[in-house]
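Below: the structure, in structure tokens.
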Amino acid sequence: MTDTSQSSGWFSRLRQGLSKTSSSLTRGITDLFTKEKLDAATLDELEDLLIRSDLGIATAERVTEAVGRARHARALDGESVRGIVAAEVARVLEPVAKPLDPPESARPAVILVVGVNGSGKTTTIGKIAESYRTAGLKVVLAAGDTFRAAAVEQLAVWAKRADAIFVSKETGADAAALVYEAWQKAKSEDADLLIIDTAGRLQNKAGLMAELEKIVRVLKKLDPSAPHDSLLVLDATTGQNALGQVDAFGKVAGVTGLVMTKLDGTARGGILVAVAEKYKLPVHFIGVGEGVDDLEPFDPQEFSRALLGLPRAG
Ligand SMILES: Nc1nc2c(ncn2[C@@H]2O[C@H](COP(=O)(O)OP(=O)(O)OP(=O)(O)O)[C@@H](O)[C@H]2O)c(=O)[nH]1
């Protein structure tokens with residue numbers, strides 16, 4: 001999705017998208033580090049600021065310690081502190097930044113996409129499908145959110161745009177049955193990839209989780225190694241709720257990786273760092289807007305620089 005020629009355009013979108021978080025962090029840090037005296041109280045306030053930005057307690061502590069160490073070596077101003085924070089945040093994120101890489105040996109490789117309603121599943125699926133099609137792969141999209149007609153229609157639009165084969169059933173149909181048919185279709189078409197959308201809300205949470213479990217069971221009967229990726233799409237504006245969603249979907253869908261959308265809609269974009277620190281799950285993509293170019297593979301260096309409102313490194 002990102003090649004070198006496009007990546008500077010992406011960095012400015014990323015910076016723009018993260019501007020609510022970065023301006024709040026920049027303001028807070030600048031206020032703290034223009035004081036005459038830099039003491040333990042300043043560091044405590046820095047830690048509070050980072051926690052309020054949802055970076056998570058462990059990261060906030062680690063970052064504050066790094067700033068505390070640096071102040072003995074040199075004079076610190078707001079900008080140098082932001083640089084230290086960005087470097088520490090990148091260190092937390094580095095191990096979780098992994099490209100989505102479904103196995104070539106599986107035909108089809110199956111990507112199951114889960115997450116609550118409105119988190120950005122459909123948009124994410126559309127983008128992923130498009131990028132794999134562009135790379136020459138044959139893609140099947142399964143409209144597993146049989147609960148909502150609008151979700152099926154929206155996915156159909158993306159399928160058309162990405163030139164993917166589209167499999168859907170009538171509203172209210174059994175989602176697991178749809179998944180079965182979609183896998184058979186992918187097999188008979190010798191497709192490389194089957195991407196499955198799922199419902200984000202049914203009558204109740206237990207119903208939703210039971211449906212997801214059933215989908216996974218059906219897939220495993222067709223191919224014991226499926227789903228090869230189970231992506232959880234998280235909406236950054238839900239803040240700390242994102243953590244509970246990783247737990248809940250992790251139990252039933254065996255989440256293997258994350259996508260975080262709507263980082264543009266919150267001043268607490270640090271939640272991505274808290275999730276990474278706690279679960280150590282791969283982060284594949286992040287989204288900072290509704291446009292087609294607003295979702296891109298996750299790059300920890302760029303993300304942490306943009307989060308602190310800093311220019312690109314190097
Ligand atoms: N601001 C912003 N909006 C986004 C982002 N990603 C998705 N959206 C919007 O969020 C809304 C929900 O996205 P969908 O992709 O439909 O989410 P979904 O999880 O499939 O939701 P349902 O179709 O309701 O189940 C749409 O209006 C998207 O355009 C993002 O990164 N930033």
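Identifiers in the structure tokens: chain A, B, ... in order shown; residue index from 1 per chain; ligand index from 1 in order shown.
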
request  = Please identify all polymer residues within 8 Å of Leu93 in chain A, counting only C-alpha atoms, omitting same-chain residues fewer than 3 positions from it, and present them as a ChimeraX atom specification.
outcome  = /A:89-90,96-97,273,276-277,300

Please produce an output containing N, CA and C atoms for each residue in the selection, written as a JSON list (two decimals), in the first residue's frame.
[["chain", "number", "residue", "atom", "x", "y", "z"],
["A", 89, "VAL", "N", 8.25, 5.50, 22.98],
["A", 89, "VAL", "CA", 7.01, 4.94, 22.44],
["A", 89, "VAL", "C", 7.34, 4.00, 21.27],
["A", 90, "ALA", "N", 8.26, 4.43, 20.41],
["A", 90, "ALA", "CA", 8.65, 3.58, 19.27],
["A", 90, "ALA", "C", 9.24, 2.26, 19.76],
["A", 96, "VAL", "N", 5.63, -4.99, 17.89],
["A", 96, "VAL", "CA", 4.29, -5.39, 17.46],
["A", 96, "VAL", "C", 3.98, -4.97, 16.02],
["A", 97, "ALA", "N", 4.87, -4.22, 15.41],
["A", 97, "ALA", "CA", 4.59, -3.76, 14.04],
["A", 97, "ALA", "C", 4.92, -4.88, 13.06],
["A", 273, "VAL", "N", -0.77, 2.49, 22.07],
["A", 273, "VAL", "CA", 0.43, 2.11, 22.80],
["A", 273, "VAL", "C", 0.05, 1.22, 24.00],
["A", 276, "ALA", "N", -0.83, -2.19, 22.74],
["A", 276, "ALA", "CA", 0.39, -2.90, 22.31],
["A", 276, "ALA", "C", 1.17, -3.40, 23.52],
["A", 277, "GLU", "N", 1.31, -2.53, 24.49],
["A", 277, "GLU", "CA", 2.07, -2.88, 25.71],
["A", 277, "GLU", "C", 1.41, -4.05, 26.43],
["A", 300, "PRO", "N", 5.94, 1.94, 13.32],
["A", 300, "PRO", "CA", 6.06, 2.47, 14.68],
["A", 300, "PRO", "C", 6.85, 3.76, 14.78]]

Report as a tab-separated table the residues of chain A within 6 Å of ligand 1, each with its shortest atom pair and distance in Å (one decimal), using only C-alpha atoms and all ligand atoms, ordered by chain and increasing residue number.
residue	atom	partner	partner_atom_place_in_ligand_line	distance
A:Asn117	CA	ligand 1	25 (O)	3.9
A:Gly118	CA	ligand 1	21 (O)	3.2
A:Ser119	CA	ligand 1	19 (O)	3.9
A:Gly120	CA	ligand 1	17 (O)	3.1
A:Lys121	CA	ligand 1	19 (O)	3.7
A:Thr122	CA	ligand 1	20 (O)	3.7
A:Thr123	CA	ligand 1	15 (O)	3.7
A:Ala151	CA	ligand 1	23 (O)	4.5
A:Gly200	CA	ligand 1	25 (O)	5.5
A:Thr261	CA	ligand 1	31 (O)	3.9
A:Lys262	CA	ligand 1	31 (O)	3.4
A:Leu263	CA	ligand 1	31 (O)	5.9
A:Asp264	CA	ligand 1	32 (N)	5.7
A:Gly265	CA	ligand 1	1 (N)	5.6
A:Gly287	CA	ligand 1	31 (O)	3.7
A:Val288	CA	ligand 1	31 (O)	3.9
A:Gly289	CA	ligand 1	32 (N)	3.3
A:Glu290	CA	ligand 1	29 (O)	4.3

inquiry  = I'd like the neighbourhood of Gly144 in chain A as a list in words, where a residue qualifies if any of its atoms comes within 9 Å (using only C-alpha atoms), though same-chain residues fewer than 6 positions away should be ignored.
reply    =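 Result of the neighbour search: Val152, Val167, Ser168, Lys169, Asp174, Ala175, Ala176, Leu178, Val179, Ile196, Asp197, Thr198 and Ala199 of chain A.
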
Please produce a file of the residues just selected, as a CSV table (one decimal), in the first residue's frame, where the atoms kept are C-alpha atoms.
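Saved result, selection_19.csv, follows:
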chain,number,residue,atom,x,y,z
A,152,VAL,CA,-23.8,-6.2,3.0
A,167,VAL,CA,-20.5,-13.8,-1.6
A,168,SER,CA,-23.5,-12.8,0.4
A,169,LYS,CA,-26.9,-14.3,1.5
A,174,ASP,CA,-27.0,-18.1,9.2
A,175,ALA,CA,-23.6,-16.5,9.0
A,176,ALA,CA,-21.7,-19.8,9.4
A,178,LEU,CA,-22.6,-18.1,4.4
A,179,VAL,CA,-18.9,-18.6,5.4
A,196,ILE,CA,-14.7,-12.6,5.9
A,197,ASP,CA,-16.7,-9.7,7.4
A,198,THR,CA,-18.6,-10.5,10.5
A,199,ALA,CA,-21.4,-8.9,12.6

ask   = So which residues touch Arg27 in chain A within 12 Å, counting only C-alpha atoms, skipping near sequence neighbours fewer than 6 positions away, as an MDAnalysis selection string?
value = chainID A and resid 19:21 33:34 46 49 78:79 82 267 308:309

query = Given the choices A:Pro108, A:Pro103, A:Gly115, A:Gly17, which gets closest to Gly244 in chain A if the distance is worked out from only C-alpha atoms?
reply =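 So, comparing all the options, the nearest one is A:Gly115.
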
ask   = What lies within 8 Å of Ile84 in chain A using only C-alpha atoms, ignoring chain neighbours under 4 positions off, as a ChimeraX atom specification?
value = /A:63,66-67,80,88

Per residue of range 180-207 of chain A within 10 Å of range 220-239 of chain A, which atom pair is closest and at what distance in Å (one decimal), using only C-alpha atoms, listed by chain and increasing number, as CSV?
residue,atom,partner,partner_atom,distance
A:Tyr180,CA,A:Leu222,CA,7.9
A:Trp183,CA,A:Leu222,CA,7.9
A:Gln184,CA,A:Leu222,CA,8.7
A:Leu194,CA,A:Pro227,CA,9.4
A:Ile195,CA,A:Asp229,CA,9.5
A:Ile196,CA,A:Ser230,CA,9.5

key: alpha helix (DSSP H) positions in range 61-306 of chain A, given as a PyMOL selection string   = chain A and resi 61-73+78-93+121-134+149-162+175-188+205-222+241-253+271-279+300-306

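Proximity to Ala58 in chain A was assessed for A:Ala274, A:Leu307, A:Val255, A:Ala313 counting only C-alpha atoms; the smallest distance is recorded for A:Ala274.
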
query = In Å, how far is it from CA of Arg62 in chain A to CA of Leu295 in chain A?
reply =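 Interatomic distance here is 29.0 Å.
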
inquiry  = According to DSSP computed on the backbone, where in range 131-292 of chain A is there strand (DSSP E)? Give the residues as an MDAnalysis selection string.
reply    = chainID A and resid 139:144 165:167 193:198 229:235 257:261 283:287

Give me a file of those residues, with N, CA and C atoms, as a CSV table (one decimal), in the first residue's frame.
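Writing the result to selection02.csv gives the following:
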chain,number,residue,atom,x,y,z
A,139,VAL,N,-9.2,-12.5,-4.9
A,139,VAL,CA,-9.7,-12.3,-3.6
A,139,VAL,C,-11.3,-12.6,-3.6
A,140,VAL,N,-11.7,-13.3,-2.6
A,140,VAL,CA,-13.2,-13.4,-2.4
A,140,VAL,C,-13.5,-12.7,-1.1
A,141,LEU,N,-14.6,-11.9,-1.1
A,141,LEU,CA,-15.1,-11.2,0.1
A,141,LEU,C,-16.4,-11.9,0.5
A,142,ALA,N,-16.5,-12.2,1.8
A,142,ALA,CA,-17.7,-12.9,2.3
A,142,ALA,C,-18.4,-11.9,3.2
A,143,ALA,N,-19.7,-11.6,2.9
A,143,ALA,CA,-20.5,-10.7,3.7
A,143,ALA,C,-21.1,-11.4,4.9
A,144,GLY,N,-20.3,-11.7,5.9
A,144,GLY,CA,-20.7,-12.5,7.1
A,144,GLY,C,-21.5,-11.7,8.1
A,165,ILE,N,-14.4,-11.2,-5.9
A,165,ILE,CA,-15.6,-12.0,-6.0
A,165,ILE,C,-16.4,-11.8,-4.7
A,166,PHE,N,-17.7,-11.6,-4.8
A,166,PHE,CA,-18.5,-11.3,-3.6
A,166,PHE,C,-19.5,-12.4,-3.3
A,167,VAL,N,-19.5,-12.8,-2.0
A,167,VAL,CA,-20.5,-13.8,-1.6
A,167,VAL,C,-21.3,-13.3,-0.5
A,193,LEU,N,-7.2,-15.7,-1.6
A,193,LEU,CA,-7.6,-15.1,-0.3
A,193,LEU,C,-9.1,-15.1,-0.1
A,194,LEU,N,-9.5,-15.5,1.1
A,194,LEU,CA,-10.9,-15.3,1.5
A,194,LEU,C,-11.0,-14.3,2.7
A,195,ILE,N,-11.6,-13.2,2.5
A,195,ILE,CA,-11.7,-12.2,3.6
A,195,ILE,C,-13.2,-12.2,4.1
A,196,ILE,N,-13.3,-12.4,5.4
A,196,ILE,CA,-14.7,-12.6,5.9
A,196,ILE,C,-15.1,-11.4,6.8
A,197,ASP,N,-16.1,-10.7,6.5
A,197,ASP,CA,-16.7,-9.7,7.4
A,197,ASP,C,-17.6,-10.4,8.4
A,198,THR,N,-17.7,-9.8,9.5
A,198,THR,CA,-18.6,-10.5,10.5
A,198,THR,C,-19.5,-9.4,11.2
A,229,ASP,N,-5.5,-15.7,9.6
A,229,ASP,CA,-5.4,-14.4,10.4
A,229,ASP,C,-6.8,-14.1,10.9
A,230,SER,N,-6.8,-13.6,12.2
A,230,SER,CA,-8.1,-13.2,12.8
A,230,SER,C,-7.9,-11.7,13.3
A,231,LEU,N,-8.4,-10.8,12.4
A,231,LEU,CA,-8.1,-9.4,12.7
A,231,LEU,C,-9.1,-8.7,13.5
A,232,LEU,N,-8.7,-8.1,14.6
A,232,LEU,CA,-9.7,-7.3,15.4
A,232,LEU,C,-9.5,-5.8,15.0
A,233,VAL,N,-10.6,-5.2,14.6
A,233,VAL,CA,-10.6,-3.8,14.2
A,233,VAL,C,-11.1,-3.0,15.5
A,234,LEU,N,-10.3,-2.1,15.9
A,234,LEU,CA,-10.6,-1.3,17.1
A,234,LEU,C,-10.7,0.1,16.8
A,235,ASP,N,-11.8,0.8,17.3
A,235,ASP,CA,-12.0,2.2,17.1
A,235,ASP,C,-11.3,2.9,18.3
A,257,GLY,N,-4.1,-10.4,15.3
A,257,GLY,CA,-3.6,-9.1,14.9
A,257,GLY,C,-4.6,-8.0,15.0
A,258,LEU,N,-4.1,-6.8,15.0
A,258,LEU,CA,-5.0,-5.7,15.3
A,258,LEU,C,-5.0,-4.6,14.2
A,259,VAL,N,-6.1,-3.9,14.0
A,259,VAL,CA,-6.2,-2.8,13.2
A,259,VAL,C,-6.8,-1.7,14.1
A,260,MET,N,-6.2,-0.5,14.1
A,260,MET,CA,-6.8,0.6,14.9
A,260,MET,C,-7.2,1.7,14.0
A,261,THR,N,-8.5,2.0,14.0
A,261,THR,CA,-9.0,3.1,13.1
A,261,THR,C,-9.4,4.3,14.0
A,283,VAL,N,0.3,-5.2,15.3
A,283,VAL,CA,-0.6,-4.2,14.8
A,283,VAL,C,-0.3,-4.1,13.3
A,284,HIS,N,-1.3,-4.3,12.5
A,284,HIS,CA,-1.1,-4.4,11.0
A,284,HIS,C,-1.3,-3.1,10.3
A,285,PHE,N,-2.4,-2.4,10.7
A,285,PHE,CA,-2.8,-1.2,10.0
A,285,PHE,C,-3.3,-0.2,11.0
A,286,ILE,N,-3.2,1.1,10.6
A,286,ILE,CA,-3.9,2.1,11.4
A,286,ILE,C,-4.7,3.0,10.5
A,287,GLY,N,-5.7,3.6,11.0
A,287,GLY,CA,-6.6,4.5,10.2
A,287,GLY,C,-6.7,5.9,10.8

ask   = Which distance in Å separates CA of Ala248 in chain A and CA of Met209 in chain A, to one decimal?
value =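 The value is 8.4 Å.
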
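By only C-alpha atoms, and with residues fewer than 6 positions from Gly126 in chain A along its chain excluded, the set lying at most 8 Å from it is Leu155, Trp158, Ala159 and Ala162 of chain A.
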
request  = Would you mind reading off the distance between CA of Phe303 in chain A and CA of Lys98 in chain A, one decimal, in Å?
outcome  =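 Taking CA of Phe303 in chain A as the start and CA of Lys98 in chain A as the end point, the length is 13.6 Å.
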
query = Skipping near chain neighbours, those fewer than 2 positions away, what residues fall within 8 Å of Leu14 in chain A using only C-alpha atoms, listed as a PyMOL selection string?
reply = chain A and resi 10-12+16-18+288+294+303+306

note = Of A:Glu47, A:Asp247, A:Asp163, A:Ala186, the one sitting nearest Thr134 in chain A when using only C-alpha atoms is A:Asp163

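Of the listed residues A:Val246, A:Ala177, A:Leu55, A:Ile125, the one whose atoms come nearest to Val157 in chain A is A:Ile125, with distances taken using only C-alpha atoms.
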
query = For Val113 in chain A, which residue among A:Gly254, A:Pro282, A:Gly291, A:Gly28 is the nearest when counting only C-alpha atoms?
reply =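 Of the candidates, the smallest distance to Val113 in chain A is held by A:Gly254.
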